[in-house]
>>> print(open('structure.pdb').read())   # PDB, C-alpha atoms and all ligand atoms
MODEL        1
ATOM      1  CA  MET N  18       0.000   0.000   0.000
ATOM      2  CA  GLU N  19       1.246   3.484  -0.867
ATOM      3  CA  ASN N  20       2.524   5.528   2.093
ATOM      4  CA  ILE N  21       0.726   8.865   1.709
ATOM      5  CA  TYR N  22       3.155  10.601   4.067
ATOM      6  CA  LEU N  23       6.244   9.618   2.089
ATOM      7  CA  PRO N  24       7.957  12.740   0.719
ATOM      8  CA  LYS N  25       9.751  13.050  -2.607
ATOM      9  CA  LEU N  26      13.133  14.667  -2.978
ATOM     10  CA  ALA N  27      13.017  18.029  -4.745
ATOM     11  CA  GLU N  28      16.194  19.614  -6.102
ATOM     12  CA  ILE N  29      16.948  23.294  -5.567
ATOM     13  CA  LYS N  30      17.594  24.838  -8.989
ATOM     14  CA  GLU N  31      17.736  28.511  -8.083
ATOM     15  CA  ILE N  32      17.593  30.665  -4.965
ATOM     16  CA  ILE N  33      16.494  34.307  -5.017
ATOM     17  CA  GLN N  34      17.334  36.312  -1.886
ATOM     18  CA  GLU N  35      14.209  38.494  -1.694
ATOM     19  CA  THR N  36      14.810  40.285   1.619
ATOM     20  CA  ALA N  37      16.964  39.835   4.720
ATOM     21  CA  ASP N  38      14.688  37.025   5.981
ATOM     22  CA  THR N  39      12.960  35.624   2.890
ATOM     23  CA  LYS N  40      14.156  33.531  -0.025
ATOM     24  CA  THR N  41      12.311  32.303  -3.089
ATOM     25  CA  ILE N  42      13.418  28.812  -4.036
ATOM     26  CA  ARG N  43      12.846  27.236  -7.449
ATOM     27  CA  LEU N  44      12.654  23.447  -7.389
ATOM     28  CA  THR N  45      12.291  20.490  -9.691
ATOM     29  CA  ILE N  46      11.421  16.838  -9.218
ATOM     30  CA  ASP N  47      12.896  14.570 -11.885
ATOM     31  CA  GLY N  48      14.163  17.689 -13.687
ATOM     32  CA  LYS N  49      10.812  19.486 -14.072
ATOM     33  CA  SER N  50       7.878  21.077 -12.298
ATOM     34  CA  ILE N  51       5.010  19.059 -10.854
ATOM     35  CA  ASP N  52       1.262  19.355 -11.439
ATOM     36  CA  PHE N  53      -0.367  21.768  -8.993
ATOM     37  CA  LEU N  54      -2.845  24.636  -8.987
ATOM     38  CA  PRO N  55      -2.571  28.119  -7.441
ATOM     39  CA  GLY N  56      -3.692  28.185  -3.810
ATOM     40  CA  GLN N  57      -2.449  24.671  -3.073
ATOM     41  CA  PHE N  58       0.321  24.039  -0.577
ATOM     42  CA  GLY N  59       3.061  21.543   0.224
ATOM     43  CA  GLU N  60       4.915  20.214   3.251
ATOM     44  CA  PHE N  61       8.700  20.625   3.343
ATOM     45  CA  SER N  62      10.916  18.773   5.793
ATOM     46  CA  LEU N  63      14.536  18.631   6.785
ATOM     47  CA  ILE N  64      15.866  15.818   8.970
ATOM     48  CA  GLY N  65      16.276  17.085  12.522
ATOM     49  CA  GLU N  66      14.482  20.384  11.865
ATOM     50  CA  GLY N  67      10.875  19.273  11.302
ATOM     51  CA  GLU N  68       8.227  19.808   8.687
ATOM     52  CA  SER N  69       6.256  22.937   7.791
ATOM     53  CA  THR N  70       3.576  24.140   5.390
ATOM     54  CA  PHE N  71       4.094  26.534   2.456
ATOM     55  CA  GLY N  72       1.976  27.804  -0.443
ATOM     56  CA  PHE N  73       3.133  27.584  -4.068
ATOM     57  CA  SER N  74       4.248  30.988  -5.382
ATOM     58  CA  SER N  75       4.752  30.280  -9.099
ATOM     59  CA  SER N  76       2.353  29.903 -12.008
ATOM     60  CA  PRO N  77       1.691  26.230 -12.787
ATOM     61  CA  LEU N  78       1.994  27.112 -16.470
ATOM     62  CA  ARG N  79       5.744  27.634 -16.010
ATOM     63  CA  LYS N  80       6.848  24.048 -16.387
ATOM     64  CA  GLU N  81      10.616  24.338 -15.824
ATOM     65  CA  TYR N  82      10.299  24.662 -12.035
ATOM     66  CA  PHE N  83       7.900  25.126  -9.129
ATOM     67  CA  GLU N  84       8.558  27.840  -6.620
ATOM     68  CA  PHE N  85       8.016  28.687  -2.943
ATOM     69  CA  SER N  86       8.979  31.716  -0.843
ATOM     70  CA  PHE N  87      10.214  30.923   2.664
ATOM     71  CA  ARG N  88      10.307  33.510   5.438
ATOM     72  CA  THR N  89      12.658  32.504   8.251
ATOM     73  CA  SER N  90      10.607  32.168  11.425
ATOM     74  CA  GLY N  91      11.603  28.936  13.188
ATOM     75  CA  ARG N  92      13.622  25.763  12.808
ATOM     76  CA  ALA N  93      12.288  24.435   9.499
ATOM     77  CA  THR N  94      12.501  27.782   7.695
ATOM     78  CA  THR N  95      15.970  28.520   9.149
ATOM     79  CA  GLY N  96      17.114  25.145   7.829
ATOM     80  CA  ILE N  97      15.463  25.578   4.419
ATOM     81  CA  ASN N  98      16.860  29.086   3.953
ATOM     82  CA  GLY N  99      20.339  27.720   4.772
ATOM     83  CA  LEU N 100      20.295  25.336   1.795
ATOM     84  CA  ASN N 101      22.219  25.902  -1.443
ATOM     85  CA  GLU N 102      21.516  25.440  -5.135
ATOM     86  CA  GLY N 103      21.900  21.763  -6.002
ATOM     87  CA  ASP N 104      20.786  20.614  -2.515
ATOM     88  CA  LYS N 105      17.740  18.371  -2.103
ATOM     89  CA  ILE N 106      14.794  18.803   0.218
ATOM     90  CA  ALA N 107      11.926  16.492   1.165
ATOM     91  CA  PHE N 108       8.552  17.618  -0.205
ATOM     92  CA  ARG N 109       4.989  16.297   0.077
ATOM     93  CA  GLY N 110       2.148  17.735  -1.974
ATOM     94  CA  PRO N 111       0.403  19.405  -3.637
ATOM     95  CA  TYR N 112      -2.409  19.441  -1.089
ATOM     96  CA  GLY N 113      -5.633  21.339  -0.566
ATOM     97  CA  ASN N 114      -8.107  23.064  -2.828
ATOM     98  CA  TYR N 115      -7.243  25.898  -5.200
ATOM     99  CA  PHE N 116      -8.335  29.194  -6.733
ATOM    100  CA  ASP N 117     -10.814  28.242  -9.451
ATOM    101  CA  THR N 118      -9.754  30.446 -12.370
ATOM    102  CA  SER N 119     -12.620  29.198 -14.566
ATOM    103  CA  LYS N 120     -14.947  31.320 -12.389
ATOM    104  CA  MET N 121     -12.761  34.372 -13.054
ATOM    105  CA  HIS N 122     -12.826  34.273 -16.862
ATOM    106  CA  GLY N 123     -14.116  37.535 -18.365
ATOM    107  CA  LYS N 124     -14.137  39.279 -14.987
ATOM    108  CA  ASP N 125     -12.113  42.138 -13.557
ATOM    109  CA  ILE N 126      -9.821  40.882 -10.798
ATOM    110  CA  VAL N 127      -8.180  42.661  -7.911
ATOM    111  CA  PHE N 128      -5.305  40.794  -6.243
ATOM    112  CA  VAL N 129      -4.500  41.990  -2.728
ATOM    113  CA  GLY N 130      -1.378  40.636  -1.017
ATOM    114  CA  GLY N 131       0.295  41.526   2.262
ATOM    115  CA  GLY N 132       3.681  40.333   3.534
ATOM    116  CA  ILE N 133       4.462  36.671   2.877
ATOM    117  CA  GLY N 134       0.767  36.317   1.868
ATOM    118  CA  MET N 135       1.901  37.722  -1.483
ATOM    119  CA  ALA N 136       3.371  34.263  -2.245
ATOM    120  CA  PRO N 137       0.045  32.507  -3.034
ATOM    121  CA  VAL N 138      -1.232  35.724  -4.644
ATOM    122  CA  LYS N 139       1.773  35.671  -6.972
ATOM    123  CA  SER N 140       0.930  32.119  -8.027
ATOM    124  CA  ILE N 141      -2.693  32.837  -9.028
ATOM    125  CA  MET N 142      -1.837  36.289 -10.382
ATOM    126  CA  GLU N 143       0.962  35.054 -12.643
ATOM    127  CA  TYR N 144      -1.316  32.203 -13.750
ATOM    128  CA  CYS N 145      -3.865  34.819 -14.873
ATOM    129  CA  LEU N 146      -1.173  37.051 -16.429
ATOM    130  CA  ASP N 147       0.166  34.018 -18.343
ATOM    131  CA  GLU N 148      -3.285  33.809 -19.983
ATOM    132  CA  ARG N 149      -3.972  37.541 -19.890
ATOM    133  CA  ASP N 150      -6.703  37.591 -22.569
ATOM    134  CA  LYS N 151      -9.060  35.423 -20.514
ATOM    135  CA  TYR N 152      -9.624  38.152 -17.904
ATOM    136  CA  GLY N 153     -10.851  41.751 -17.689
ATOM    137  CA  LYS N 154      -8.922  44.525 -15.980
ATOM    138  CA  ILE N 155      -6.358  43.283 -13.462
ATOM    139  CA  THR N 156      -5.397  45.364 -10.427
ATOM    140  CA  ILE N 157      -2.585  44.229  -8.137
ATOM    141  CA  LEU N 158      -2.206  45.757  -4.676
ATOM    142  CA  TYR N 159       0.789  44.600  -2.686
ATOM    143  CA  GLY N 160       1.841  45.840   0.742
ATOM    144  CA  ALA N 161       4.726  45.170   3.094
ATOM    145  CA  ARG N 162       5.752  46.652   6.426
ATOM    146  CA  THR N 163       8.821  48.450   5.045
ATOM    147  CA  VAL N 164      10.551  48.971   1.699
ATOM    148  CA  GLY N 165      13.162  46.447   2.834
ATOM    149  CA  ASP N 166      10.433  43.821   3.375
ATOM    150  CA  LEU N 167       9.099  43.929  -0.203
ATOM    151  CA  LEU N 168       9.382  40.586  -1.997
ATOM    152  CA  TYR N 169       9.603  40.075  -5.777
ATOM    153  CA  LYS N 170      11.042  43.553  -6.508
ATOM    154  CA  SER N 171      12.978  42.194  -9.503
ATOM    155  CA  ILE N 172       9.724  41.259 -11.284
ATOM    156  CA  PHE N 173       7.557  44.281 -10.464
ATOM    157  CA  ASP N 174       8.154  45.655 -13.989
ATOM    158  CA  GLU N 175       7.124  42.336 -15.539
ATOM    159  CA  TRP N 176       3.781  42.527 -13.677
ATOM    160  CA  LYS N 177       3.237  46.200 -14.537
ATOM    161  CA  ASN N 178       3.857  45.824 -18.243
ATOM    162  CA  HIS N 179       0.885  43.606 -19.007
ATOM    163  CA  LYS N 180      -1.971  45.275 -20.855
ATOM    164  CA  ASP N 181      -4.846  46.662 -18.815
ATOM    165  CA  THR N 182      -3.009  45.847 -15.603
ATOM    166  CA  GLU N 183      -2.458  48.254 -12.729
ATOM    167  CA  PHE N 184       0.154  47.567 -10.070
ATOM    168  CA  VAL N 185       0.077  49.479  -6.794
ATOM    169  CA  VAL N 186       2.653  48.903  -4.076
ATOM    170  CA  THR N 187       2.517  50.302  -0.569
ATOM    171  CA  VAL N 188       4.439  50.188   2.702
ATOM    172  CA  ASP N 189       3.126  50.807   6.204
ATOM    173  CA  PRO N 190       3.487  54.367   7.553
ATOM    174  CA  GLY N 191       7.079  54.777   8.777
ATOM    175  CA  GLY N 192       8.306  51.959   6.521
ATOM    176  CA  GLU N 193       9.189  54.240   3.600
ATOM    177  CA  THR N 194      12.674  55.402   2.582
ATOM    178  CA  PRO N 195      13.497  58.936   1.309
ATOM    179  CA  ASP N 196      13.569  57.715  -2.307
ATOM    180  CA  TRP N 197      10.374  55.598  -2.059
ATOM    181  CA  LYS N 198       8.041  56.232  -5.019
ATOM    182  CA  GLY N 199       5.192  53.899  -4.075
ATOM    183  CA  LYS N 200       2.303  54.509  -1.699
ATOM    184  CA  VAL N 201       2.508  54.822   2.074
ATOM    185  CA  GLY N 202      -0.432  53.392   4.030
ATOM    186  CA  PHE N 203      -1.929  50.131   5.257
ATOM    187  CA  VAL N 204      -3.275  47.842   2.535
ATOM    188  CA  PRO N 205      -7.013  48.282   3.376
ATOM    189  CA  THR N 206      -6.608  52.100   3.354
ATOM    190  CA  ILE N 207      -4.928  52.089  -0.064
ATOM    191  CA  LEU N 208      -7.465  49.539  -1.340
ATOM    192  CA  GLU N 209     -10.277  51.934  -0.485
ATOM    193  CA  GLN N 210      -8.689  54.635  -2.675
ATOM    194  CA  LEU N 211      -8.588  52.444  -5.800
ATOM    195  CA  PRO N 212     -11.260  52.934  -8.474
ATOM    196  CA  LEU N 213     -12.754  49.452  -8.110
ATOM    197  CA  LYS N 214     -16.343  48.288  -8.143
ATOM    198  CA  GLY N 215     -17.737  44.942  -7.146
ATOM    199  CA  GLU N 216     -19.798  44.404 -10.282
ATOM    200  CA  ASN N 217     -18.480  41.546 -12.499
ATOM    201  CA  SER N 218     -15.345  41.457 -10.337
ATOM    202  CA  ILE N 219     -13.432  39.006  -8.188
ATOM    203  CA  ALA N 220     -11.102  39.868  -5.312
ATOM    204  CA  VAL N 221      -8.295  37.571  -4.173
ATOM    205  CA  VAL N 222      -6.925  38.531  -0.744
ATOM    206  CA  CYS N 223      -4.030  36.893   1.177
ATOM    207  CA  GLY N 224      -2.011  38.252   4.046
ATOM    208  CA  PRO N 225      -1.932  38.626   7.817
ATOM    209  CA  PRO N 226      -5.337  38.054   9.513
ATOM    210  CA  ILE N 227      -5.716  41.723  10.467
ATOM    211  CA  MET N 228      -5.169  42.811   6.852
ATOM    212  CA  ILE N 229      -7.628  40.210   5.583
ATOM    213  CA  LYS N 230     -10.247  41.305   8.120
ATOM    214  CA  PHE N 231     -10.164  44.976   7.104
ATOM    215  CA  ALA N 232      -9.654  44.342   3.367
ATOM    216  CA  LEU N 233     -12.743  42.085   3.311
ATOM    217  CA  LYS N 234     -14.759  44.746   5.119
ATOM    218  CA  THR N 235     -13.665  47.416   2.620
ATOM    219  CA  LEU N 236     -14.427  45.219  -0.400
ATOM    220  CA  GLU N 237     -17.878  44.278   0.896
ATOM    221  CA  GLU N 238     -19.094  47.431   2.560
ATOM    222  CA  LYS N 239     -17.431  50.187   0.530
ATOM    223  CA  MET N 240     -16.915  48.641  -2.900
ATOM    224  CA  GLY N 241     -19.931  46.377  -3.252
ATOM    225  CA  PHE N 242     -18.147  43.050  -3.777
ATOM    226  CA  GLY N 243     -20.415  40.079  -3.071
ATOM    227  CA  LYS N 244     -19.092  37.718  -0.378
ATOM    228  CA  GLU N 245     -19.045  34.890  -2.931
ATOM    229  CA  ASN N 246     -16.693  36.956  -5.118
ATOM    230  CA  ILE N 247     -14.084  37.565  -2.430
ATOM    231  CA  ILE N 248     -11.614  34.700  -2.122
ATOM    232  CA  THR N 249      -8.960  34.276   0.542
ATOM    233  CA  THR N 250      -6.722  31.610   2.071
ATOM    234  CA  LEU N 251      -6.440  30.503   5.694
ATOM    235  CA  GLU N 252      -3.063  29.672   7.216
ATOM    236  CA  ASN N 253      -4.031  27.503  10.179
ATOM    237  CA  ARG N 254      -1.166  25.435  11.528
ATOM    238  CA  MET N 255      -1.091  22.034   9.860
ATOM    239  CA  LYS N 256       0.536  18.688  10.429
ATOM    240  CA  CYS N 257      -0.552  15.973   8.003
ATOM    241  CA  GLY N 258      -1.980  18.272   5.305
ATOM    242  CA  LEU N 259      -4.283  15.423   4.310
ATOM    243  CA  GLY N 260      -7.354  15.653   6.516
ATOM    244  CA  LYS N 261      -6.169  12.879   8.857
ATOM    245  CA  CYS N 262      -4.773  14.418  12.066
ATOM    246  CA  GLY N 263      -7.315  17.123  12.990
ATOM    247  CA  ARG N 264      -4.638  19.776  13.622
ATOM    248  CA  CYS N 265      -6.135  22.355  11.268
ATOM    249  CA  ASN N 266      -9.864  22.089  11.995
ATOM    250  CA  VAL N 267     -12.203  25.051  12.191
ATOM    251  CA  GLY N 268     -15.447  23.496  13.420
ATOM    252  CA  SER N 269     -16.106  20.582  11.100
ATOM    253  CA  VAL N 270     -13.959  22.022   8.298
ATOM    254  CA  TYR N 271     -10.462  20.726   7.601
ATOM    255  CA  VAL N 272      -8.514  23.752   6.380
ATOM    256  CA  CYS N 273      -5.929  21.434   4.756
ATOM    257  CA  LYS N 274      -8.487  19.441   2.757
ATOM    258  CA  ASP N 275     -11.584  21.656   2.383
ATOM    259  CA  GLY N 276      -9.312  24.741   2.069
ATOM    260  CA  PRO N 277      -7.029  26.578   2.362
ATOM    261  CA  VAL N 278      -8.970  28.635  -0.220
ATOM    262  CA  PHE N 279     -12.385  29.925   0.941
ATOM    263  CA  THR N 280     -14.784  32.611  -0.216
ATOM    264  CA  ALA N 281     -15.840  35.273   2.296
ATOM    265  CA  LYS N 282     -19.299  33.668   2.132
ATOM    266  CA  GLU N 283     -17.888  30.287   3.182
ATOM    267  CA  LEU N 284     -15.885  31.896   6.007
ATOM    268  CA  GLU N 285     -19.089  33.452   7.333
ATOM    269  CA  SER N 286     -20.454  30.004   8.149
ATOM    270  CA  LEU N 287     -17.314  28.890  10.045
ATOM    271  CA  PRO N 288     -16.960  29.329  13.805
ATOM    272  CA  ASN N 289     -14.842  32.424  14.478
ATOM    273  CA  ASP N 290     -11.872  30.530  15.949
ATOM    274  CA  PHE N 291      -9.234  30.962  13.253
TER     275      PHE N 291
HETATM  276  C1  LIG N 301      -1.451  26.899   4.051
HETATM  277  C2  LIG N 301      -0.210  27.602   4.587
HETATM  278  C3  LIG N 301       0.636  28.254   3.694
HETATM  279  C4  LIG N 301       1.787  28.875   4.154
HETATM  280  N1  LIG N 301       2.593  29.463   3.241
HETATM  281  C5  LIG N 301       3.758  30.003   3.641
HETATM  282  C6  LIG N 301       4.674  30.549   2.682
HETATM  283  O1  LIG N 301       4.421  30.553   1.466
HETATM  284  N2  LIG N 301       5.853  31.051   3.141
HETATM  285  C7  LIG N 301       6.169  31.069   4.485
HETATM  286  O2  LIG N 301       7.269  31.544   4.821
HETATM  287  N3  LIG N 301       5.318  30.590   5.425
HETATM  288  C8  LIG N 301       4.137  30.054   5.030
HETATM  289  N4  LIG N 301       3.283  29.521   5.967
HETATM  290  C9  LIG N 301       3.622  29.629   7.398
HETATM  291  C10 LIG N 301       4.618  28.563   7.790
HETATM  292  O3  LIG N 301       4.040  27.269   7.658
HETATM  293  C11 LIG N 301       5.013  28.768   9.266
HETATM  294  O4  LIG N 301       5.649  30.026   9.428
HETATM  295  C12 LIG N 301       5.904  27.669   9.786
HETATM  296  O5  LIG N 301       5.651  27.521  11.151
HETATM  297  C13 LIG N 301       7.355  27.909   9.613
HETATM  298  O6  LIG N 301       8.018  26.782  10.175
HETATM  299  P1  LIG N 301       9.214  26.901  11.173
HETATM  300  O7  LIG N 301       9.522  25.544  11.681
HETATM  301  O8  LIG N 301      10.339  27.646  10.540
HETATM  302  O9  LIG N 301       8.664  27.836  12.308
HETATM  303  P2  LIG N 301       7.946  27.400  13.663
HETATM  304  O10 LIG N 301       9.009  27.059  14.645
HETATM  305  O11 LIG N 301       6.883  26.395  13.389
HETATM  306  O12 LIG N 301       7.258  28.765  14.047
HETATM  307  C14 LIG N 301       7.931  30.011  14.078
HETATM  308  C15 LIG N 301       6.958  31.122  14.465
HETATM  309  O13 LIG N 301       5.858  31.219  13.525
HETATM  310  C16 LIG N 301       4.603  31.073  14.194
HETATM  311  N5  LIG N 301       3.722  30.321  13.299
HETATM  312  C17 LIG N 301       3.827  29.043  12.956
HETATM  313  N6  LIG N 301       2.845  28.686  12.104
HETATM  314  C18 LIG N 301       2.103  29.770  11.885
HETATM  315  C19 LIG N 301       0.964  30.043  11.110
HETATM  316  N7  LIG N 301       0.361  29.109  10.387
HETATM  317  N8  LIG N 301       0.473  31.305  11.123
HETATM  318  C20 LIG N 301       1.066  32.251  11.874
HETATM  319  N9  LIG N 301       2.134  32.053  12.639
HETATM  320  C21 LIG N 301       2.659  30.831  12.650
HETATM  321  C22 LIG N 301       4.931  30.339  15.453
HETATM  322  O14 LIG N 301       3.975  30.581  16.454
HETATM  323  C23 LIG N 301       6.298  30.918  15.795
HETATM  324  O15 LIG N 301       6.215  32.177  16.395
HETATM  325  C24 LIG N 301       2.108  28.891   5.546
HETATM  326  C25 LIG N 301       1.264  28.236   6.441
HETATM  327  C26 LIG N 301       0.117  27.588   5.967
HETATM  328  C27 LIG N 301      -0.752  26.860   6.948
HETATM  329  S1  LIG N 302      -3.451  19.145   8.924
HETATM  330 FE1  LIG N 302      -4.049  17.159   9.545
HETATM  331  S2  LIG N 302      -6.176  17.245   9.315
HETATM  332 FE2  LIG N 302      -5.525  19.124   8.452
ENDMDL
END
>>> encode(input="structure.pdb", output="structure tokens", more="lines below")
Ligand SMILES: Cc1cc2nc3c(=O)[nH]c(=O)nc-3n(C[C@H](O)[C@H](O)[C@H](O)COP(=O)(O)OP(=O)(O)OC[C@H]3O[C@@H](n4cnc5c(N)ncnc54)[C@H](O)[C@@H]3O)c2cc1C
Ligand code: FES
Amino acid sequence: MENIYLPKLAEIKEIIQETADTKTIRLTIDGKSIDFLPGQFGEFSLIGEGESTFGFSSSPLRKEYFEFSFRTSGRATTGINGLNEGDKIAFRGPYGNYFDTSKMHGKDIVFVGGGIGMAPVKSIMEYCLDERDKYGKITILYGARTVGDLLYKSIFDEWKNHKDTEFVVTVDPGGETPDWKGKVGFVPTILEQLPLKGENSIAVVCGPPIMIKFALKTLEEKMGFGKENIITTLENRMKCGLGKCGRCNVGSVYVCKDGPVFTAKELESLPNDF
């Protein structure tokens, strides 16, 4: 019988030092990417350091590699961010549900990412940009605490240069530098200033819980987005990732199996303990 917990060995092809504490790592298994969809996650482990959960950050249409961004926060991420190109790492996945892009075809989309939450946003956003003609206007709002905390700076221009695509980047008040040309303000505040309307639109929001809370409120109450058209991801702590251990439950919902992607309407029916 197949052991569902058995990881595969992924090889590190390229490492991008994004910020002082975050690296983006491009991986292959058997020399290529694997099949996954934006919003899904995987479990990475290092012997002696443990296993942790991370969301894919690349578009699944880019077949040469799959990519994750790791922010150093504890033992597993310290170990992973200490690896070098050519090293191997144990990986299980992909797990969980995904952003259903078929429901986004023909619609305007606003992508809202905060901090390391920009990683899953990047995956779905680049997936949509890779098939740009299938969607209406695309607006990307990305926020970090400080200029030094911004991930993916080397590809900002790539995002901006797509047709009918607006890219807005902001840092928290006090996080700007003298030469900063982007916005200054918390993500929900900047979101409110954008010329968006809920009609025929989808919002994808990932980031720290406090950002999600206020961004959802803004989208619903001030911009007229329906709860079913606002999609977010939950980052409850996980262990098995497979709906077996009960570590990630919110009420009767397994975030690892039924999520991590939920609409605001679905979140409304969950007990408020996440
Ligand atoms: C679905 C999902 C996707 C994720 N995607 C990413 C990603 O793309 N990149 C990334 O860097 N991290 C991501 N995380 C968070 C990552 O799994 C944790 O930060 C993980 O604990 C890091 O492992 P560690 O052993 O280094 O740190 P640990 O020793 O486990 O923890 C270090 C610190 O982080 C806190 N922490 C642990 N888990 C969480 C959590 N789920 N939410 C908030 N705080 C937590 C701990 O309380 C502690 O303070 C994701 C988590 C989930 C559930
Ligand atoms: S992480 Fe084990 S049930 Fe979800």
>>> residues_near_ligand(input="structure.pdb", ligand="ligand LIG 301 (chain N)", cutoff="9 Å", atoms="all atoms listed in the file", output="mmCIF file with C-alpha atoms, in the frame of the given file")
data_model
loop_
_atom_site.group_PDB
_atom_site.id
_atom_site.type_symbol
_atom_site.label_atom_id
_atom_site.label_comp_id
_atom_site.auth_asym_id
_atom_site.auth_seq_id
_atom_site.Cartn_x
_atom_site.Cartn_y
_atom_site.Cartn_z
ATOM 1 C CA THR N 39 12.960 35.624 2.890
ATOM 2 C CA LYS N 40 14.156 33.531 -0.025
ATOM 3 C CA GLY N 56 -3.692 28.185 -3.810
ATOM 4 C CA GLN N 57 -2.449 24.671 -3.073
ATOM 5 C CA PHE N 58 0.321 24.039 -0.577
ATOM 6 C CA GLY N 59 3.061 21.543 0.224
ATOM 7 C CA GLU N 60 4.915 20.214 3.251
ATOM 8 C CA GLU N 66 14.482 20.384 11.865
ATOM 9 C CA GLY N 67 10.875 19.273 11.302
ATOM 10 C CA GLU N 68 8.227 19.808 8.687
ATOM 11 C CA SER N 69 6.256 22.937 7.791
ATOM 12 C CA THR N 70 3.576 24.140 5.390
ATOM 13 C CA PHE N 71 4.094 26.534 2.456
ATOM 14 C CA GLY N 72 1.976 27.804 -0.443
ATOM 15 C CA PHE N 73 3.133 27.584 -4.068
ATOM 16 C CA SER N 74 4.248 30.988 -5.382
ATOM 17 C CA PHE N 85 8.016 28.687 -2.943
ATOM 18 C CA SER N 86 8.979 31.716 -0.843
ATOM 19 C CA PHE N 87 10.214 30.923 2.664
ATOM 20 C CA ARG N 88 10.307 33.510 5.438
ATOM 21 C CA THR N 89 12.658 32.504 8.251
ATOM 22 C CA SER N 90 10.607 32.168 11.425
ATOM 23 C CA GLY N 91 11.603 28.936 13.188
ATOM 24 C CA ARG N 92 13.622 25.763 12.808
ATOM 25 C CA ALA N 93 12.288 24.435 9.499
ATOM 26 C CA THR N 94 12.501 27.782 7.695
ATOM 27 C CA THR N 95 15.970 28.520 9.149
ATOM 28 C CA GLY N 96 17.114 25.145 7.829
ATOM 29 C CA ILE N 97 15.463 25.578 4.419
ATOM 30 C CA GLY N 113 -5.633 21.339 -0.566
ATOM 31 C CA ILE N 133 4.462 36.671 2.877
ATOM 32 C CA GLY N 134 0.767 36.317 1.868
ATOM 33 C CA MET N 135 1.901 37.722 -1.483
ATOM 34 C CA ALA N 136 3.371 34.263 -2.245
ATOM 35 C CA PRO N 137 0.045 32.507 -3.034
ATOM 36 C CA PRO N 225 -1.932 38.626 7.817
ATOM 37 C CA PRO N 226 -5.337 38.054 9.513
ATOM 38 C CA THR N 250 -6.722 31.610 2.071
ATOM 39 C CA LEU N 251 -6.440 30.503 5.694
ATOM 40 C CA GLU N 252 -3.063 29.672 7.216
ATOM 41 C CA ASN N 253 -4.031 27.503 10.179
ATOM 42 C CA ARG N 254 -1.166 25.435 11.528
ATOM 43 C CA MET N 255 -1.091 22.034 9.860
ATOM 44 C CA LYS N 256 0.536 18.688 10.429
ATOM 45 C CA GLY N 258 -1.980 18.272 5.305
ATOM 46 C CA CYS N 265 -6.135 22.355 11.268
ATOM 47 C CA VAL N 272 -8.514 23.752 6.380
ATOM 48 C CA CYS N 273 -5.929 21.434 4.756
ATOM 49 C CA GLY N 276 -9.312 24.741 2.069
ATOM 50 C CA PRO N 277 -7.029 26.578 2.362
ATOM 51 C CA VAL N 278 -8.970 28.635 -0.220
#
>>> axis_aligned_box(input="structure.pdb", around="ligand LIG 302 (chain N)", padding_each_side="5 Å", output="AutoDock Vina command-line options")
--center_x -4.8 --center_y 18.2 --center_z 9.0 --size_x 12.7 --size_y 12.0 --size_z 11.1
>>> atom_distance(input="structure.pdb", atom1="CA of Ile247 in chain N", atom2="CA of Thr280 in chain N")
5.5 Å
>>> atom_distance(input="structure.pdb", atom1="CA of Glu81 in chain N", atom2="CA of Asp52 in chain N")
11.5 Å
>>> atom_distance(input="structure.pdb", atom1="CA of Val127 in chain N", atom2="CA of Phe53 in chain N")
22.3 Å
>>> resolve_selection(input="structure.pdb", expression="the PyMOL selection byres (((chain N and resi 242-244) around 12) and not hetatm)", output="short mmCIF file (atom, residue, chain, number, x, y, z; two decimals) with C-alpha atoms, in the frame of the given file")
data_model
loop_
_atom_site.label_atom_id
_atom_site.label_comp_id
_atom_site.auth_asym_id
_atom_site.auth_seq_id
_atom_site.Cartn_x
_atom_site.Cartn_y
_atom_site.Cartn_z
CA ASP N 125 -12.11 42.14 -13.56
CA ILE N 126 -9.82 40.88 -10.80
CA VAL N 127 -8.18 42.66 -7.91
CA LEU N 213 -12.75 49.45 -8.11
CA LYS N 214 -16.34 48.29 -8.14
CA GLY N 215 -17.74 44.94 -7.15
CA GLU N 216 -19.80 44.40 -10.28
CA ASN N 217 -18.48 41.55 -12.50
CA SER N 218 -15.34 41.46 -10.34
CA ILE N 219 -13.43 39.01 -8.19
CA ALA N 220 -11.10 39.87 -5.31
CA VAL N 221 -8.30 37.57 -4.17
CA ALA N 232 -9.65 44.34 3.37
CA LEU N 233 -12.74 42.08 3.31
CA LYS N 234 -14.76 44.75 5.12
CA THR N 235 -13.66 47.42 2.62
CA LEU N 236 -14.43 45.22 -0.40
CA GLU N 237 -17.88 44.28 0.90
CA GLU N 238 -19.09 47.43 2.56
CA LYS N 239 -17.43 50.19 0.53
CA MET N 240 -16.92 48.64 -2.90
CA GLY N 241 -19.93 46.38 -3.25
CA GLU N 245 -19.05 34.89 -2.93
CA ASN N 246 -16.69 36.96 -5.12
CA ILE N 247 -14.08 37.56 -2.43
CA ILE N 248 -11.61 34.70 -2.12
CA THR N 249 -8.96 34.28 0.54
CA PHE N 279 -12.38 29.92 0.94
CA THR N 280 -14.78 32.61 -0.22
CA ALA N 281 -15.84 35.27 2.30
CA LYS N 282 -19.30 33.67 2.13
CA GLU N 283 -17.89 30.29 3.18
CA LEU N 284 -15.88 31.90 6.01
CA GLU N 285 -19.09 33.45 7.33
CA SER N 286 -20.45 30.00 8.15
#
>>> residues_around(input="structure.pdb", residues="Tyr82 in chain N", least_positions_apart="6", cutoff="6 Å", atoms="all atoms listed in the file", output="list in words")
Arg43, Leu44, Thr45, Lys49 and Ser50 of chain N
>>> closest_residue(input="structure.pdb", among="N:Pro77, N:Gly123, N:Pro55, N:Gly260", to="Asp147 in chain N", atoms="all atoms listed in the file")
N:Pro77
